[in-house]
Every structure is written in C-alpha cells, then in structure tokens.
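Everything on this sheet refers to the single structure shown next.
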Amino acid sequence: MVIATKLGARPLAPGTSYVDNAEGLSAKVIRESAERSRERLGVDRLDLLYAHIEDRAVPLEETVHGFAELVAEGTVGLLGASNHRAWRVERARALAAAAGLPGYEVLQYHRSYLPSRVDLPSDLDPDGDVGWVGPDLASYLRAEPRLTLVAYSPLLKGAYAKPERLGEEYALPSTPARLAALRAVADETGATPNQVVLAWLLGGEVPTIPLVGFSSVAQLEESLAAIELELTPEQRARLDTAR
C-alpha cells in the first residue's frame, strides 16, 4: 500500500475556502501539515506528498526547501504537485536541481479521454483551468519522461455511463465523435466505456496512473479489470483521432 496526501489548500478558518484563505506552502505550513497527516494516518512516513495548489505569496525557494527537508529527514518519500501551471512546476524543479535537492516527481492533474475547455476562468486561475492537463502540461510530460502523471476524476464522475452529466466544459465540437468512438471500441472489446477510458490512460504515449473513486464493490472491480484490457494500435488510433 502506498500512502499519498496533499497539503497547502486547507482553509485556515471556518466559513473560508482554499480560494481566499488557504494555508499555503510556507516552510512552516509544510512541516506542520505533514506532521498532522502522519499523526492522523498513524504512519511514520508519507510515501508521496503533494503541493495541492500554488502559493505565489511565498517564495518558491522556501517551498522547495521546505519539502526537501522532509525528504532528507525520511518522513516523506516522493514529492508531487497538483493544480500548478507547468512553468511553476518546471521552475520549482529547476531550483531543486540547482541546489542538489529532491524536487517534484509526480504530477496529479485532471485528465480523461474527453478533452475539456481549459480557457474557462477558474477559482484558482483567471487564465483558465489550471488543474486540467492542457497542451503545455502535456508537452512538458512528453519531454520529461521521468515525471509520473496521476489523473484524478478520470471517469468524469460517471459521465461516460450517463453523458447527460457532462458540464459546459465538455461542450466541444469533438465530444460527440469521441463518445461514439469510445462506445464502438467498448462494443468491440466487450468492455465498458469506463474500462476503455482507463486502458487508454494506462497505455498512452504519456502513461498515466488513473486515480479512481468508487461507491460500491462492483465499481471497484470494474475499474480493476481495466488493467487487463489491451487496446490494439488501431483502436487507440481511432480513439485518438476522433474529432
């Protein structure tokens, strides 16, 4: 079992949120939040610790050193980042490398088979959705094969089984064609659309670890079975090129 957790987005007071009153990524917060997580989880070491959201009010050097100290002490294994702009991830990794310190090795972002509109302003960034794997981050991951991508909400909260749940962010011209291609491949393989999505992520050009949630044993078993599903190059090409 690998234990991963995040810090940096916890609201500091009741009635506030990660948008207007997050704990941030100061060295003090990093140490204290990691300690609280270890105590609650009952472990001496966190296998993977993420910076949940950006904190541009704290110098990046302080954040980099704060995380690196925990790794040096042995209380944290790998470091990761979530919901950061690609240039911020690269800058943090460059600072760590220049100082001979461990840096981010795992990136957790929202990724799925259906593309999303990344231009819509979000709570975290007025320039668009910072949590989605957009073109810049996808290009960065291809250029840095030692980085590991973990995809949260890969099944879009059940929307592949019930497309009426899709929000406005998926209102793109390519959506109907991609859903049709997904259903066709599912029929060919005898798998569910969810399983095809997970197999597509696992075996893609940028390999991805899907982070799935479930509310029943049946849903868990459905997701686990996707590990055994091998898409042919032709099926993968059809899925990739559906427009």
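Scheme for the structure tokens: letters A, B, ... for chains in order shown; per-chain residue numbers from 1; ligand numbers from 1 in order shown.
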
Surrounding residues of Pro121 of chain A excluding itself and chain neighbours under 6 positions, 12 Å, only C-alpha atoms, as number ranges by chain: A: 127-131, 169

Residue list (strand (DSSP E or B), DSSP) for segment 11-146 of chain A, as an MDAnalysis selection string: chainID A and resid 11 22 46:51 76:82 104:110 132

Please, could you write that set of residues out with N, CA, C and O atoms as a compact mmCIF listing (two decimals), in the first residue's frame?
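Output saved as out.txt:
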```txt
# COMPACT_ATOMS: atom_id res chain seq x y z
N PRO A 11 -8.40 25.33 4.31
CA PRO A 11 -8.83 26.65 4.76
C PRO A 11 -8.40 26.89 6.21
O PRO A 11 -8.44 25.98 7.05
N ALA A 22 -6.37 29.89 2.08
CA ALA A 22 -5.68 28.60 2.16
C ALA A 22 -4.43 28.70 3.03
O ALA A 22 -3.83 29.77 3.16
N LEU A 46 5.24 9.40 4.95
CA LEU A 46 4.30 9.58 3.84
C LEU A 46 5.03 9.20 2.56
O LEU A 46 6.07 9.77 2.25
N ASP A 47 4.49 8.23 1.84
CA ASP A 47 5.18 7.77 0.63
C ASP A 47 5.23 8.84 -0.45
O ASP A 47 6.19 8.94 -1.20
N LEU A 48 4.17 9.65 -0.53
CA LEU A 48 4.08 10.69 -1.55
C LEU A 48 3.35 11.88 -0.96
O LEU A 48 2.25 11.74 -0.42
N LEU A 49 3.95 13.05 -1.08
CA LEU A 49 3.36 14.27 -0.55
C LEU A 49 3.26 15.31 -1.66
O LEU A 49 4.25 15.65 -2.30
N TYR A 50 2.04 15.80 -1.86
CA TYR A 50 1.77 16.77 -2.93
C TYR A 50 1.62 18.19 -2.38
O TYR A 50 1.06 18.40 -1.30
N ALA A 51 2.05 19.15 -3.17
CA ALA A 51 1.63 20.54 -3.00
C ALA A 51 0.31 20.67 -3.75
O ALA A 51 0.27 20.59 -4.97
N VAL A 76 9.14 11.75 4.44
CA VAL A 76 8.44 11.80 3.16
C VAL A 76 9.29 11.09 2.11
O VAL A 76 10.52 11.20 2.13
N GLY A 77 8.62 10.37 1.20
CA GLY A 77 9.33 9.69 0.13
C GLY A 77 9.42 10.56 -1.11
O GLY A 77 10.37 11.33 -1.29
N LEU A 78 8.41 10.49 -1.97
CA LEU A 78 8.38 11.27 -3.19
C LEU A 78 7.62 12.57 -2.99
O LEU A 78 6.74 12.68 -2.13
N LEU A 79 7.93 13.56 -3.85
CA LEU A 79 7.25 14.84 -3.83
C LEU A 79 6.44 15.02 -5.10
O LEU A 79 6.85 14.58 -6.18
N GLY A 80 5.31 15.68 -4.97
CA GLY A 80 4.46 15.90 -6.13
C GLY A 80 3.79 17.26 -6.09
O GLY A 80 3.81 17.96 -5.07
N ALA A 81 3.20 17.63 -7.22
CA ALA A 81 2.47 18.90 -7.32
C ALA A 81 1.16 18.67 -8.04
O ALA A 81 1.05 17.80 -8.91
N SER A 82 0.17 19.45 -7.66
CA SER A 82 -1.15 19.36 -8.28
C SER A 82 -1.68 20.77 -8.50
O SER A 82 -1.43 21.67 -7.69
N TYR A 104 9.82 17.89 -7.39
CA TYR A 104 8.58 17.22 -7.76
C TYR A 104 8.86 16.11 -8.78
O TYR A 104 9.52 16.34 -9.80
N GLU A 105 8.34 14.93 -8.50
CA GLU A 105 8.48 13.80 -9.42
C GLU A 105 7.14 13.26 -9.90
O GLU A 105 7.08 12.52 -10.87
N VAL A 106 6.08 13.62 -9.20
CA VAL A 106 4.74 13.14 -9.54
C VAL A 106 3.82 14.35 -9.71
O VAL A 106 3.81 15.25 -8.88
N LEU A 107 3.05 14.35 -10.79
CA LEU A 107 2.11 15.43 -11.05
C LEU A 107 0.70 14.86 -11.05
O LEU A 107 0.41 13.90 -11.77
N GLN A 108 -0.17 15.42 -10.22
CA GLN A 108 -1.56 14.97 -10.18
C GLN A 108 -2.47 16.04 -10.76
O GLN A 108 -2.56 17.15 -10.23
N TYR A 109 -3.10 15.69 -11.88
CA TYR A 109 -3.96 16.63 -12.59
C TYR A 109 -5.20 15.90 -13.11
O TYR A 109 -5.25 14.67 -13.12
N HIS A 110 -6.16 16.69 -13.54
CA HIS A 110 -7.38 16.12 -14.11
C HIS A 110 -7.12 15.75 -15.57
O HIS A 110 -6.74 16.60 -16.38
N TRP A 132 -6.36 20.99 -15.22
CA TRP A 132 -6.51 20.05 -16.34
C TRP A 132 -5.19 19.89 -17.09
O TRP A 132 -4.40 20.84 -17.17
```

Could you name the residues that touch Arg10 of chain A at 10 Å or less, counting only C-alpha atoms, but leaving out those on the same chain fewer than 5 positions away, as an mmCIF file with N, CA and C atoms, in the first residue's frame?
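Below is the file that was written, part-v4.cif:
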```cif
data_model
loop_
_atom_site.group_PDB
_atom_site.id
_atom_site.type_symbol
_atom_site.label_atom_id
_atom_site.label_comp_id
_atom_site.auth_asym_id
_atom_site.auth_seq_id
_atom_site.Cartn_x
_atom_site.Cartn_y
_atom_site.Cartn_z
ATOM 1 N N THR A 16 -14.350 29.897 5.422
ATOM 2 C CA THR A 16 -13.466 30.330 4.346
ATOM 3 C C THR A 16 -13.145 29.128 3.461
ATOM 4 N N SER A 17 -12.399 29.365 2.398
ATOM 5 C CA SER A 17 -12.116 28.279 1.464
ATOM 6 C C SER A 17 -10.667 28.338 0.994
ATOM 7 N N TYR A 18 -10.305 27.341 0.177
ATOM 8 C CA TYR A 18 -8.958 27.310 -0.386
ATOM 9 C C TYR A 18 -8.716 28.474 -1.333
ATOM 10 N N VAL A 19 -9.769 29.114 -1.798
ATOM 11 C CA VAL A 19 -9.627 30.227 -2.747
ATOM 12 C C VAL A 19 -9.181 31.499 -2.032
ATOM 13 N N ASN A 21 -8.508 31.730 1.599
ATOM 14 C CA ASN A 21 -7.836 31.642 2.896
ATOM 15 C C ASN A 21 -7.129 30.300 3.075
ATOM 16 N N ALA A 22 -6.372 29.894 2.084
ATOM 17 C CA ALA A 22 -5.678 28.602 2.158
ATOM 18 C C ALA A 22 -4.432 28.698 3.026
ATOM 19 N N GLU A 23 -4.031 27.584 3.621
ATOM 20 C CA GLU A 23 -2.859 27.569 4.492
ATOM 21 C C GLU A 23 -1.569 27.916 3.753
ATOM 22 N N GLY A 24 -1.492 27.580 2.450
ATOM 23 C CA GLY A 24 -0.333 27.957 1.656
ATOM 24 C C GLY A 24 0.809 26.963 1.735
ATOM 25 N N SER A 33 1.764 20.652 8.534
ATOM 26 C CA SER A 33 0.700 19.900 7.869
ATOM 27 C C SER A 33 1.116 18.451 7.642
ATOM 28 N N HIS A 52 -0.776 20.858 -3.007
ATOM 29 C CA HIS A 52 -2.120 20.739 -3.593
ATOM 30 C C HIS A 52 -2.425 21.857 -4.587
ATOM 31 N N ILE A 53 -2.147 23.084 -4.217
ATOM 32 C CA ILE A 53 -2.363 24.237 -5.097
ATOM 33 C C ILE A 53 -1.178 25.181 -4.967
#
```

Long-range neighbours of Pro59 of chain A as a list in words, 12 Å cut-off, only C-alpha atoms, 2 positions minimum in chain: Gly24, Leu25, Ser26, Ala27, Glu54, Asp55, Arg56, Ala57, Glu61, Glu62, Thr63, Val64, His65, Gly66, Arg88, Arg91, Ala92 and Leu95 of chain A

Atom CA of Val118 of chain A to atom CA of Tyr160 of chain A, straight-line distance in Å: 19.6 Å
